[in-house]
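For reference, target.cif (mmCIF, C-alpha atoms):
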```cif
data_work
loop_
_atom_site.group_PDB
_atom_site.id
_atom_site.type_symbol
_atom_site.label_atom_id
_atom_site.label_comp_id
_atom_site.auth_asym_id
_atom_site.auth_seq_id
_atom_site.Cartn_x
_atom_site.Cartn_y
_atom_site.Cartn_z
ATOM 1 C CA MET B 1 39.437 -12.444 1.890
ATOM 2 C CA GLN B 2 42.892 -11.928 3.362
ATOM 3 C CA ILE B 3 45.952 -10.611 1.547
ATOM 4 C CA CYS B 4 49.461 -11.716 2.517
ATOM 5 C CA ASN B 5 52.652 -10.137 1.219
ATOM 6 C CA THR B 6 55.210 -12.261 3.060
ATOM 7 C CA ILE B 7 55.913 -15.972 3.233
ATOM 8 C CA PRO B 8 55.822 -16.161 7.071
ATOM 9 C CA ALA B 9 52.447 -14.386 7.210
ATOM 10 C CA LEU B 10 50.984 -16.716 4.581
ATOM 11 C CA ARG B 11 52.316 -19.846 6.249
ATOM 12 C CA GLN B 12 50.972 -18.779 9.629
ATOM 13 C CA LEU B 13 47.530 -18.125 8.195
ATOM 14 C CA LEU B 14 47.407 -21.419 6.297
ATOM 15 C CA ASP B 15 48.627 -23.345 9.353
ATOM 16 C CA GLU B 16 45.617 -22.001 11.238
ATOM 17 C CA TYR B 17 43.323 -23.367 8.534
ATOM 18 C CA ARG B 18 45.071 -26.752 8.619
ATOM 19 C CA LYS B 19 44.667 -27.019 12.380
ATOM 20 C CA LYS B 20 40.932 -26.792 11.754
ATOM 21 C CA GLY B 21 41.152 -29.628 9.236
ATOM 22 C CA LYS B 22 40.658 -27.386 6.222
ATOM 23 C CA SER B 23 41.873 -28.479 2.768
ATOM 24 C CA ILE B 24 43.700 -25.945 0.608
ATOM 25 C CA GLY B 25 43.537 -25.341 -3.133
ATOM 26 C CA LEU B 26 46.102 -23.153 -4.919
ATOM 27 C CA VAL B 27 45.763 -21.202 -8.164
ATOM 28 C CA PRO B 28 49.119 -19.708 -9.197
ATOM 29 C CA THR B 29 48.773 -16.630 -11.436
ATOM 30 C CA MET B 30 50.730 -13.623 -12.648
ATOM 31 C CA GLY B 31 47.741 -11.358 -12.192
ATOM 32 C CA ALA B 32 45.859 -9.383 -14.854
ATOM 33 C CA LEU B 33 43.044 -11.794 -14.094
ATOM 34 C CA HIS B 34 40.203 -12.660 -16.441
ATOM 35 C CA SER B 35 37.306 -15.121 -16.496
ATOM 36 C CA GLY B 36 39.672 -18.008 -17.176
ATOM 37 C CA HIS B 37 41.518 -17.382 -13.925
ATOM 38 C CA ILE B 38 38.269 -16.890 -12.047
ATOM 39 C CA SER B 39 37.008 -20.265 -13.263
ATOM 40 C CA LEU B 40 40.126 -21.827 -11.693
ATOM 41 C CA ILE B 41 39.411 -20.062 -8.392
ATOM 42 C CA GLU B 42 35.847 -21.344 -8.463
ATOM 43 C CA LYS B 43 37.077 -24.897 -9.088
ATOM 44 C CA ALA B 44 39.626 -24.553 -6.286
ATOM 45 C CA LYS B 45 36.903 -23.385 -3.912
ATOM 46 C CA SER B 46 34.431 -26.071 -4.936
ATOM 47 C CA GLY B 47 37.022 -28.796 -4.384
ATOM 48 C CA ASN B 48 38.619 -27.438 -1.207
ATOM 49 C CA ASP B 49 37.723 -25.571 1.955
ATOM 50 C CA VAL B 50 40.190 -22.753 1.300
ATOM 51 C CA ALA B 51 41.075 -21.207 -2.074
ATOM 52 C CA VAL B 52 44.450 -19.471 -2.343
ATOM 53 C CA CYS B 53 45.472 -17.332 -5.314
ATOM 54 C CA SER B 54 49.062 -16.219 -5.790
ATOM 55 C CA ILE B 55 49.726 -13.107 -7.862
ATOM 56 C CA TYR B 56 53.344 -12.800 -8.859
ATOM 57 C CA ILE B 57 54.898 -11.750 -12.176
ATOM 58 C CA ASN B 58 57.816 -14.154 -12.149
ATOM 59 C CA PRO B 59 60.865 -12.609 -13.863
ATOM 60 C CA THR B 60 62.756 -15.886 -14.263
ATOM 61 C CA GLN B 61 60.284 -17.281 -16.806
ATOM 62 C CA PHE B 62 60.548 -14.340 -19.219
ATOM 63 C CA ASN B 63 63.174 -14.692 -21.917
ATOM 64 C CA ASN B 64 61.969 -11.402 -23.406
ATOM 65 C CA GLN B 65 62.655 -8.412 -21.130
ATOM 66 C CA GLU B 66 60.158 -6.211 -22.980
ATOM 67 C CA ASP B 67 57.436 -8.809 -22.445
ATOM 68 C CA PHE B 68 58.237 -8.821 -18.721
ATOM 69 C CA GLU B 69 58.159 -5.033 -18.467
ATOM 70 C CA MET B 70 54.899 -4.778 -20.440
ATOM 71 C CA TYR B 71 53.061 -7.466 -18.484
ATOM 72 C CA PRO B 72 50.023 -5.726 -16.918
ATOM 73 C CA GLN B 73 50.036 -5.140 -13.161
ATOM 74 C CA THR B 74 46.471 -4.859 -11.868
ATOM 75 C CA VAL B 75 46.543 -6.209 -8.305
ATOM 76 C CA GLU B 76 43.779 -3.963 -6.972
ATOM 77 C CA LYS B 77 41.430 -4.873 -9.813
ATOM 78 C CA ASP B 78 42.412 -8.547 -9.485
ATOM 79 C CA CYS B 79 41.424 -8.585 -5.827
ATOM 80 C CA GLU B 80 38.044 -7.084 -6.709
ATOM 81 C CA LEU B 81 37.456 -10.065 -9.007
ATOM 82 C CA LEU B 82 38.760 -12.673 -6.585
ATOM 83 C CA LYS B 83 36.575 -11.893 -3.595
ATOM 84 C CA PRO B 84 33.156 -12.646 -5.167
ATOM 85 C CA ALA B 85 34.636 -15.775 -6.765
ATOM 86 C CA GLY B 86 35.181 -17.269 -3.321
ATOM 87 C CA CYS B 87 38.907 -16.698 -2.948
ATOM 88 C CA ASP B 88 39.939 -16.809 0.706
ATOM 89 C CA VAL B 89 43.620 -15.849 0.576
ATOM 90 C CA VAL B 90 45.678 -13.818 -1.905
ATOM 91 C CA PHE B 91 49.470 -14.074 -1.834
ATOM 92 C CA VAL B 92 51.128 -11.019 -3.404
ATOM 93 C CA PRO B 93 54.878 -11.227 -2.702
ATOM 94 C CA SER B 94 57.608 -8.830 -3.813
ATOM 95 C CA HIS B 95 60.619 -9.909 -5.877
ATOM 96 C CA GLU B 96 62.739 -9.681 -2.743
ATOM 97 C CA GLU B 97 60.340 -11.990 -0.917
ATOM 98 C CA MET B 98 60.449 -14.628 -3.654
ATOM 99 C CA TYR B 99 64.123 -14.277 -4.610
ATOM 100 C CA PRO B 100 66.027 -12.941 -1.570
ATOM 101 C CA GLY B 101 69.365 -13.472 -3.312
ATOM 102 C CA GLY B 102 68.227 -11.801 -6.512
ATOM 103 C CA PHE B 103 66.853 -13.476 -9.600
ATOM 104 C CA HIS B 104 69.816 -12.521 -11.795
ATOM 105 C CA ASN B 105 72.161 -14.752 -9.830
ATOM 106 C CA ASP B 106 72.871 -18.364 -10.689
ATOM 107 C CA LEU B 107 69.611 -20.035 -9.757
ATOM 108 C CA THR B 108 68.929 -23.755 -9.712
ATOM 109 C CA LYS B 109 68.808 -25.316 -13.156
ATOM 110 C CA LEU B 110 66.009 -27.790 -13.793
ATOM 111 C CA ASP B 111 66.190 -30.218 -16.694
ATOM 112 C CA PHE B 112 62.805 -31.528 -17.774
ATOM 113 C CA GLY B 113 64.201 -33.473 -20.705
ATOM 114 C CA SER B 114 62.816 -33.499 -24.231
ATOM 115 C CA ILE B 115 59.300 -32.458 -23.187
ATOM 116 C CA SER B 116 60.662 -28.966 -22.473
ATOM 117 C CA GLU B 117 62.546 -28.767 -25.766
ATOM 118 C CA GLU B 118 59.519 -28.997 -28.028
ATOM 119 C CA LEU B 119 56.996 -26.269 -28.952
ATOM 120 C CA GLU B 120 57.461 -23.364 -26.499
ATOM 121 C CA GLY B 121 60.897 -24.676 -25.571
ATOM 122 C CA LYS B 122 62.193 -23.915 -29.059
ATOM 123 C CA PHE B 123 61.088 -20.286 -28.917
ATOM 124 C CA ARG B 124 61.448 -19.401 -25.239
ATOM 125 C CA PRO B 125 64.813 -20.669 -23.980
ATOM 126 C CA GLY B 126 64.977 -20.843 -20.194
ATOM 127 C CA HIS B 127 61.229 -20.303 -19.827
ATOM 128 C CA PHE B 128 60.395 -23.654 -18.287
ATOM 129 C CA ASN B 129 63.352 -23.506 -15.924
ATOM 130 C CA GLY B 130 61.881 -20.266 -14.546
ATOM 131 C CA VAL B 131 58.406 -21.795 -14.363
ATOM 132 C CA GLY B 132 59.795 -24.823 -12.529
ATOM 133 C CA ILE B 133 61.587 -22.664 -9.980
ATOM 134 C CA VAL B 134 58.637 -20.439 -9.113
ATOM 135 C CA VAL B 135 56.102 -23.295 -9.022
ATOM 136 C CA SER B 136 58.440 -25.263 -6.752
ATOM 137 C CA LYS B 137 58.620 -22.245 -4.463
ATOM 138 C CA LEU B 138 54.848 -21.764 -4.409
ATOM 139 C CA LEU B 139 54.140 -25.445 -3.741
ATOM 140 C CA ASN B 140 56.677 -25.396 -0.926
ATOM 141 C CA ILE B 141 55.308 -22.167 0.557
ATOM 142 C CA VAL B 142 51.593 -22.983 0.310
ATOM 143 C CA ASN B 143 51.754 -26.784 0.580
ATOM 144 C CA PRO B 144 48.302 -27.129 -1.028
ATOM 145 C CA ASP B 145 46.224 -30.273 -1.281
ATOM 146 C CA LYS B 146 45.411 -29.419 -4.899
ATOM 147 C CA ALA B 147 46.802 -26.942 -7.432
ATOM 148 C CA PHE B 148 44.797 -25.763 -10.424
ATOM 149 C CA PHE B 149 46.136 -24.827 -13.861
ATOM 150 C CA GLY B 150 44.574 -23.928 -17.197
ATOM 151 C CA GLN B 151 44.822 -26.055 -20.307
ATOM 152 C CA LYS B 152 45.870 -23.040 -22.394
ATOM 153 C CA ASP B 153 49.376 -23.597 -21.012
ATOM 154 C CA LEU B 154 49.172 -27.355 -21.545
ATOM 155 C CA GLN B 155 52.893 -27.884 -22.098
ATOM 156 C CA GLN B 156 53.551 -26.029 -18.862
ATOM 157 C CA PHE B 157 51.055 -28.258 -17.039
ATOM 158 C CA LEU B 158 52.757 -31.411 -18.323
ATOM 159 C CA ILE B 159 56.123 -30.098 -17.173
ATOM 160 C CA ILE B 160 54.766 -29.171 -13.734
ATOM 161 C CA ASN B 161 53.276 -32.657 -13.529
ATOM 162 C CA LYS B 162 56.768 -34.074 -14.121
ATOM 163 C CA LEU B 163 58.179 -31.681 -11.530
ATOM 164 C CA VAL B 164 55.665 -32.827 -8.919
ATOM 165 C CA LYS B 165 56.413 -36.491 -9.578
ATOM 166 C CA ASP B 166 60.197 -36.075 -9.675
ATOM 167 C CA PHE B 167 60.333 -34.090 -6.426
ATOM 168 C CA SER B 168 57.516 -36.002 -4.679
ATOM 169 C CA PHE B 169 55.372 -32.974 -3.900
ATOM 170 C CA GLY B 170 52.277 -34.089 -2.017
ATOM 171 C CA VAL B 171 49.857 -32.198 -4.215
ATOM 172 C CA GLU B 172 47.209 -33.226 -6.714
ATOM 173 C CA LEU B 173 47.380 -31.262 -9.959
ATOM 174 C CA VAL B 174 44.175 -30.359 -11.764
ATOM 175 C CA CYS B 175 44.158 -29.248 -15.404
ATOM 176 C CA CYS B 176 41.054 -27.239 -16.301
ATOM 177 C CA PRO B 177 39.591 -26.576 -19.776
ATOM 178 C CA ILE B 178 40.352 -23.395 -21.686
ATOM 179 C CA ILE B 179 37.863 -20.563 -21.149
ATOM 180 C CA ARG B 180 37.178 -18.770 -24.416
ATOM 181 C CA GLU B 181 35.602 -15.583 -25.671
ATOM 182 C CA LYS B 182 32.373 -15.943 -27.680
ATOM 183 C CA ASP B 183 34.339 -16.080 -30.947
ATOM 184 C CA GLY B 184 36.664 -18.797 -29.645
ATOM 185 C CA LEU B 185 39.702 -16.734 -28.689
ATOM 186 C CA ALA B 186 41.384 -18.272 -25.650
ATOM 187 C CA MET B 187 41.255 -15.825 -22.766
ATOM 188 C CA SER B 188 44.680 -14.415 -21.934
ATOM 189 C CA SER B 189 46.121 -11.451 -20.083
ATOM 190 C CA ARG B 190 48.027 -10.615 -23.264
ATOM 191 C CA ASN B 191 44.802 -10.104 -25.223
ATOM 192 C CA SER B 192 44.618 -6.606 -23.737
ATOM 193 C CA ARG B 193 47.492 -5.625 -26.031
ATOM 194 C CA LEU B 194 45.447 -6.231 -29.170
ATOM 195 C CA SER B 195 44.134 -3.292 -31.156
ATOM 196 C CA GLN B 196 40.484 -3.488 -32.199
ATOM 197 C CA GLU B 197 41.543 -4.423 -35.732
ATOM 198 C CA GLU B 198 43.783 -7.194 -34.400
ATOM 199 C CA ARG B 199 41.116 -8.392 -31.997
ATOM 200 C CA ASN B 200 38.736 -8.811 -34.939
ATOM 201 C CA GLU B 201 41.210 -11.278 -36.473
ATOM 202 C CA ALA B 202 42.186 -13.086 -33.278
ATOM 203 C CA SER B 203 39.637 -15.904 -33.475
ATOM 204 C CA LEU B 204 41.461 -17.321 -36.511
ATOM 205 C CA LEU B 205 43.705 -19.492 -34.341
ATOM 206 C CA PHE B 206 40.827 -21.367 -32.729
ATOM 207 C CA LYS B 207 39.002 -21.689 -36.056
ATOM 208 C CA VAL B 208 42.084 -23.270 -37.636
ATOM 209 C CA LEU B 209 42.585 -25.597 -34.670
ATOM 210 C CA SER B 210 38.939 -26.692 -34.774
ATOM 211 C CA GLN B 211 38.975 -27.290 -38.521
ATOM 212 C CA ALA B 212 42.197 -29.282 -38.274
ATOM 213 C CA LYS B 213 40.794 -31.396 -35.449
ATOM 214 C CA GLU B 214 37.660 -32.186 -37.455
ATOM 215 C CA LYS B 215 39.719 -33.220 -40.479
ATOM 216 C CA LEU B 216 41.926 -35.481 -38.390
ATOM 217 C CA ILE B 217 38.904 -37.139 -36.789
ATOM 218 C CA PHE B 218 37.586 -37.896 -40.267
ATOM 219 C CA GLY B 219 40.878 -39.522 -41.191
ATOM 220 C CA GLU B 220 42.600 -36.927 -43.342
ATOM 221 C CA ASP B 221 46.386 -37.102 -43.660
ATOM 222 C CA VAL B 222 48.203 -35.551 -40.690
ATOM 223 C CA ASN B 223 50.866 -33.811 -42.777
ATOM 224 C CA VAL B 224 48.316 -32.382 -45.218
ATOM 225 C CA VAL B 225 46.140 -31.089 -42.380
ATOM 226 C CA GLY B 226 49.126 -29.526 -40.643
ATOM 227 C CA ASN B 227 50.374 -27.789 -43.789
ATOM 228 C CA GLU B 228 46.915 -26.445 -44.606
ATOM 229 C CA ALA B 229 46.598 -25.027 -41.090
ATOM 230 C CA LYS B 230 49.981 -23.328 -41.297
ATOM 231 C CA GLU B 231 49.094 -21.800 -44.655
ATOM 232 C CA LYS B 232 45.785 -20.390 -43.363
ATOM 233 C CA ILE B 233 47.541 -18.588 -40.522
ATOM 234 C CA ALA B 234 50.629 -17.522 -42.464
ATOM 235 C CA SER B 235 48.513 -16.071 -45.266
ATOM 236 C CA ASN B 236 46.755 -13.694 -42.871
ATOM 237 C CA LYS B 237 48.684 -10.417 -42.916
ATOM 238 C CA PHE B 238 47.965 -9.729 -39.246
ATOM 239 C CA PHE B 239 49.655 -12.894 -37.995
ATOM 240 C CA LYS B 240 53.255 -14.003 -37.747
ATOM 241 C CA LEU B 241 53.170 -17.776 -37.260
ATOM 242 C CA GLU B 242 55.727 -19.391 -34.962
ATOM 243 C CA TYR B 243 54.482 -22.953 -35.009
ATOM 244 C CA PHE B 244 51.519 -25.203 -35.645
ATOM 245 C CA GLU B 245 52.161 -28.759 -34.511
ATOM 246 C CA ILE B 246 50.170 -31.973 -34.240
ATOM 247 C CA VAL B 247 51.823 -33.979 -31.474
ATOM 248 C CA ASP B 248 51.660 -37.028 -29.241
ATOM 249 C CA ILE B 249 50.664 -35.553 -25.902
ATOM 250 C CA LYS B 250 53.013 -37.858 -23.961
ATOM 251 C CA SER B 251 56.200 -36.752 -25.718
ATOM 252 C CA LEU B 252 54.997 -33.541 -27.423
ATOM 253 C CA LYS B 253 56.846 -34.714 -30.521
ATOM 254 C CA PRO B 254 55.221 -34.249 -33.935
ATOM 255 C CA ILE B 255 53.282 -37.202 -35.311
ATOM 256 C CA HIS B 256 52.725 -38.217 -38.929
ATOM 257 C CA GLN B 257 49.823 -40.608 -38.397
ATOM 258 C CA ILE B 258 47.176 -40.988 -35.730
ATOM 259 C CA LYS B 259 46.612 -44.739 -35.749
ATOM 260 C CA GLY B 260 47.485 -46.329 -32.415
ATOM 261 C CA LEU B 261 47.932 -43.088 -30.479
ATOM 262 C CA GLU B 262 45.634 -42.485 -27.522
ATOM 263 C CA ASP B 263 46.194 -38.784 -26.858
ATOM 264 C CA ILE B 264 46.854 -36.120 -29.473
ATOM 265 C CA ALA B 265 47.198 -32.362 -29.122
ATOM 266 C CA LEU B 266 47.246 -29.579 -31.697
ATOM 267 C CA PHE B 267 49.333 -26.581 -30.633
ATOM 268 C CA VAL B 268 49.692 -23.147 -32.209
ATOM 269 C CA SER B 269 51.694 -20.023 -31.441
ATOM 270 C CA ALA B 270 51.627 -16.791 -33.397
ATOM 271 C CA TYR B 271 52.203 -13.078 -32.979
ATOM 272 C CA LEU B 272 49.227 -10.838 -33.577
ATOM 273 C CA GLY B 273 50.704 -7.365 -33.509
ATOM 274 C CA LYS B 274 52.849 -7.230 -30.376
ATOM 275 C CA ALA B 275 50.842 -9.898 -28.575
ATOM 276 C CA ARG B 276 52.117 -13.454 -28.654
ATOM 277 C CA LEU B 277 49.135 -15.803 -28.596
ATOM 278 C CA ILE B 278 49.143 -19.541 -27.880
ATOM 279 C CA ASP B 279 46.328 -22.066 -28.050
ATOM 280 C CA ASN B 280 45.740 -25.792 -28.251
ATOM 281 C CA ILE B 281 43.015 -28.355 -28.737
ATOM 282 C CA LEU B 282 42.873 -32.028 -27.802
ATOM 283 C CA ILE B 283 41.772 -35.260 -29.450
ATOM 284 C CA ASN B 284 40.977 -38.284 -27.250
ATOM 285 C CA ALA B 285 42.994 -36.694 -24.461
ATOM 286 C CA THR B 286 42.821 -37.994 -20.920
ATOM 287 C CA LYS B 287 44.874 -35.340 -19.124
ATOM 288 C CA CYS B 288 42.378 -32.518 -19.533
ATOM 289 C CA SER B 289 38.765 -32.170 -20.518
ATOM 290 C CA ASP B 290 38.364 -31.525 -24.242
ATOM 291 C CA ASN B 291 37.311 -28.180 -25.699
#
```
Would you put the structure from the file into structure tokens?
Amino acid sequence: MQICNTIPALRQLLDEYRKKGKSIGLVPTMGALHSGHISLIEKAKSGNDVAVCSIYINPTQFNNQEDFEMYPQTVEKDCELLKPAGCDVVFVPSHEEMYPGGFHNDLTKLDFGSISEELEGKFRPGHFNGVGIVVSKLLNIVNPDKAFFGQKDLQQFLIINKLVKDFSFGVELVCCPIIREKDGLAMSSRNSRLSQEERNEASLLFKVLSQAKEKLIFGEDVNVVGNEAKEKIASNKFFKLEYFEIVDIKSLKPIHQIKGLEDIALFVSAYLGKARLIDNILINATKCSDN
């Protein structure tokens, strides 16, 4: 496994692979890796000759400075996990390498339309612009055949899919199912912030999502199901609910009945202590494998 810290070094290495006819799979991450990330590396390796993992805590996608400063930096430990998973190349750039002009300057503004204004867009202004910038950079730098993302950030995946189409990137995007703990909690780097007491409560989000999905499948009223789910989370003293939405996956806009819709997603976001947790579950979805 080789580690590159600069764009020229990475490009030179990957060019050597391409000259040998090797295909390249990319897994963009911000580090603090867990089994969910490793599953993406394994998929990238199984579907390509060369698996590349980028580790970069991108400042432009944080609208909360404290969240940025608290994000765990564990590059050495991450590399120990990546090697046995089959990762061939790790790209660990500095801020100066990724943003030579500084990331506080006026960067390019990307407008993804209404899909970026729903759900996370309402609570994290500017987040998807930052995601779009850094993913554009990584796709341009690595030029992968395939890029792998996790379903936990489903809205982000849909926005990146729009980005790839709008800018004609020659990459195939792959959305991979959420990897969960035994009690259903979606794996996340932010889970490390949970106290033991909070961790004991954390599975509530997946339980509520699963119960809501089952009720919808059996034909219960969408609004009633949504309100019941919100009440279950809001009534738990450990949680501070931001949103629970049942949406059409194409527009991410809330729905009030299921009839006639092909793809539906249930999204939730809530604070558990200082950790902001997100999760989702799909019904009849074609973009990702179901949970």
The PyMOL selection byres ((chain B and resi 89) around 12) resolved against shown file, as a ChimeraX atom specification = /B:1-5,9-11,13-14,17,24-28,41,44-45,49-55,79,82-83,85-88,90-92,142
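Shortest separation to Arg199 of chain B among B:Phe238, B:Glu214, B:Glu76, B:Asn227 occurs at residue B:Phe238, atoms counted being all atoms listed in the file.
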key: Pick from B:Val75, B:Val135, B:Leu194, B:Ala202, whichever lies nearest to Leu173 of chain B using all atoms listed in the file   =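 Counting all atoms listed in the file, the residue closest to Leu173 of chain B is B:Val135.
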query = What gap, in Å, lies between atom CA of Ile249 of chain B and atom CA of Leu266 of chain B?
reply =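 For atom CA of Ile249 of chain B relative to atom CA of Leu266 of chain B, the distance reads 9.0 Å.
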inquiry  = Which residues are close to segment 217-226 of chain B, i.e. within 12 Å by all atoms listed in the file, leaving aside same-chain residues fewer than 4 positions away? Reply as a ChimeraX atom specification.
reply    = /B:208-213,230-233,243-247,254-259,264,266-268,282-284
remark   = atom CA of Leu185 of chain B sits from atom CA of Glu201 of chain B at a separation of 9.6 Å
Mind dumping segment 1-12 of chain B from that block, keeping C-alpha atoms, as a compact mmCIF listing (two decimals), in the first residue's frame?
```
# COMPACT_ATOMS: atom_id res chain seq x y z
CA MET B 1 0.00 0.00 0.00
CA GLN B 2 1.40 3.37 -1.03
CA ILE B 3 0.65 6.72 0.59
CA CYS B 4 0.68 9.95 -1.42
CA ASN B 5 0.50 13.42 0.08
CA THR B 6 0.63 15.50 -3.11
CA ILE B 7 -1.47 15.64 -6.25
CA PRO B 8 1.50 15.23 -8.66
CA ALA B 9 2.76 12.15 -6.80
CA LEU B 10 -0.70 10.56 -6.83
CA ARG B 11 -1.28 11.30 -10.51
CA GLN B 12 2.10 9.87 -11.46
```
